[in-house]
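Following: one structure in structure tokens, then a few remarks.
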Amino acid sequence: MTETATAAPSTSLDWKAFTVVIADDIAEVTLIGPGKGNAMGPDFWSELPVLFRQLDADPAVRAVVVTGSGKHFSFGLDLPAMAGTLAPVLADGAKAAPRTSFHDHLLEMQSGINAVAECRKPVIAAVSGWCIGGGVDLISAADIRYASSDAKFSIREVRVAIVADMGSLARLPAIIGDGHFRELALTGKDIDAARAERIQLVNDVFETPDAALAAARATAREIADNAPLVVQGVKSVLERTRANEIADALRYVAVWNAAFLPSTDITEAMTAVFEKRQPRYRGE
């Protein structure tokens, strides 16, 4: 749901994957699932672009804070919930039609993360607990990232036989540098908040989740107190400097996954998730 505590007009929808509170020029967006650990299922991917385009157009919003409910920011893609989307392209004999549909669906999902990056209102992420896969895609589209000391990050897709296709491969090299990025993307390893701060994945680390969220709110307040059209102009100019490169990378990975995602390895990855065991990959 959306609550508005300002006199300015604000359109609202009944969100299933988020709560949204708008007060004193700041929108606070909280991931709420419905999957465990705020996992990203169909509701998340369908609502995210609508939500951020709405915030972008809302004159009552000058900055946005994004955080997760409970102990974790997000476990990333909800594989069980998204199985229906994957099933046609993974079916035996899947040819042009299901691959084309899957490609189009990837572009629709990418539009959500893109809407975060393209929102003219600066976005500050406050991360605690796990931030995995799609969670990293989401914070890579934010302007500023804070974390609590218990935060852990992983570009996990490579460990479930997927080329990350929602933006991390396009955006993170400019944030953390090519060497650190390749290490994380090719291993799928987990890193703690201290390492994330050293490689500049996050701006600062705070002792507790509450402190990280308070810092995000404070920074949003500083931004909101500046001339709003100038703030939007600064962000628009910064986004423009790399927009074409990011767009090309996103289009390429969507085509790549539509062509090459179907494999015995991704089927094994999904089976291993359901059976709660380590996958055994064969490169087929």
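Chain identifiers are assigned as A, B, and so on, following the order in which chains appear in the structure tokens; residues are numbered from 1 within each chain, and ligands are numbered from 1 in order of appearance.
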
Per-residue nearest contacts stretch 193-261 of chain A to stretch 68-81 of chain A, cut-off 12 Å, using only C-alpha atoms, as JSON lines:
{"residue": "A:Thr208", "atom": "CA", "partner": "A:Lys71", "partner_atom": "CA", "distance": 10.9}
{"residue": "A:Pro209", "atom": "CA", "partner": "A:Lys71", "partner_atom": "CA", "distance": 8.4}
{"residue": "A:Asp210", "atom": "CA", "partner": "A:Lys71", "partner_atom": "CA", "distance": 10.9}
{"residue": "A:Ala212", "atom": "CA", "partner": "A:Gly68", "partner_atom": "CA", "distance": 11.7}
{"residue": "A:Leu213", "atom": "CA", "partner": "A:Gly68", "partner_atom": "CA", "distance": 10.0}

Let's have the selection written as an mmCIF file, in the first residue's frame, with N, CA, C and O atoms.
data_model
loop_
_atom_site.group_PDB
_atom_site.id
_atom_site.type_symbol
_atom_site.label_atom_id
_atom_site.label_comp_id
_atom_site.auth_asym_id
_atom_site.auth_seq_id
_atom_site.Cartn_x
_atom_site.Cartn_y
_atom_site.Cartn_z
ATOM 1 N N THR A 208 24.337 -1.088 12.811
ATOM 2 C CA THR A 208 23.059 -1.787 12.864
ATOM 3 C C THR A 208 22.208 -1.452 11.640
ATOM 4 O O THR A 208 22.418 -0.420 10.976
ATOM 5 N N PRO A 209 21.211 -2.297 11.327
ATOM 6 C CA PRO A 209 20.279 -1.963 10.251
ATOM 7 C C PRO A 209 19.569 -0.629 10.477
ATOM 8 O O PRO A 209 19.375 0.139 9.522
ATOM 9 N N ASP A 210 19.183 -0.358 11.715
ATOM 10 C CA ASP A 210 18.515 0.909 12.003
ATOM 11 C C ASP A 210 19.422 2.103 11.703
ATOM 12 O O ASP A 210 18.962 3.131 11.198
ATOM 13 N N ALA A 212 21.898 2.165 9.502
ATOM 14 C CA ALA A 212 22.045 2.285 8.047
ATOM 15 C C ALA A 212 20.826 2.966 7.442
ATOM 16 O O ALA A 212 20.952 3.832 6.568
ATOM 17 N N LEU A 213 19.643 2.586 7.902
ATOM 18 C CA LEU A 213 18.418 3.199 7.392
ATOM 19 C C LEU A 213 18.351 4.675 7.791
ATOM 20 O O LEU A 213 17.947 5.528 6.987
#

Using only C-alpha atoms, I'd like a table of the residues in stretch 217-252 of chain A that come within 8 Å of stretch 19-33 of chain A; for each, show the closest atom pair and its distance in Å rounded to one decimal, ordered by chain and ascending number, as JSON lines.
{"residue": "A:Ala220", "atom": "CA", "partner": "A:Ile26", "partner_atom": "CA", "distance": 6.8}
{"residue": "A:Arg221", "atom": "CA", "partner": "A:Ile26", "partner_atom": "CA", "distance": 7.3}
{"residue": "A:Ala224", "atom": "CA", "partner": "A:Asp25", "partner_atom": "CA", "distance": 6.3}

Export, as a PDB file, in the first residue's frame, the selected residues with C-alpha atoms.
ATOM      1  CA  ALA A 220      17.655  11.715   1.350  1.00  0.00           C
ATOM      2  CA  ARG A 221      16.804  14.737   3.511  1.00  0.00           C
ATOM      3  CA  ALA A 224      15.468  16.835  -0.824  1.00  0.00           C
TER       4      ALA A 224
END

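Take atom CA of A:Thr67 and atom CA of A:Ala125: the distance between them is 6.0 Å.
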
task = Give the answer as one residue: which of A:Glu183, A:Asp58, A:Asp190, A:Asp137 has the shortest atom-to-atom distance to A:Ser154, using only C-alpha atoms?
result = A:Asp190

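Nearest to A:Arg277 of all the residues A:Ala211, A:Leu107, A:Leu90, A:Val160 is A:Val160, counting only C-alpha atoms.
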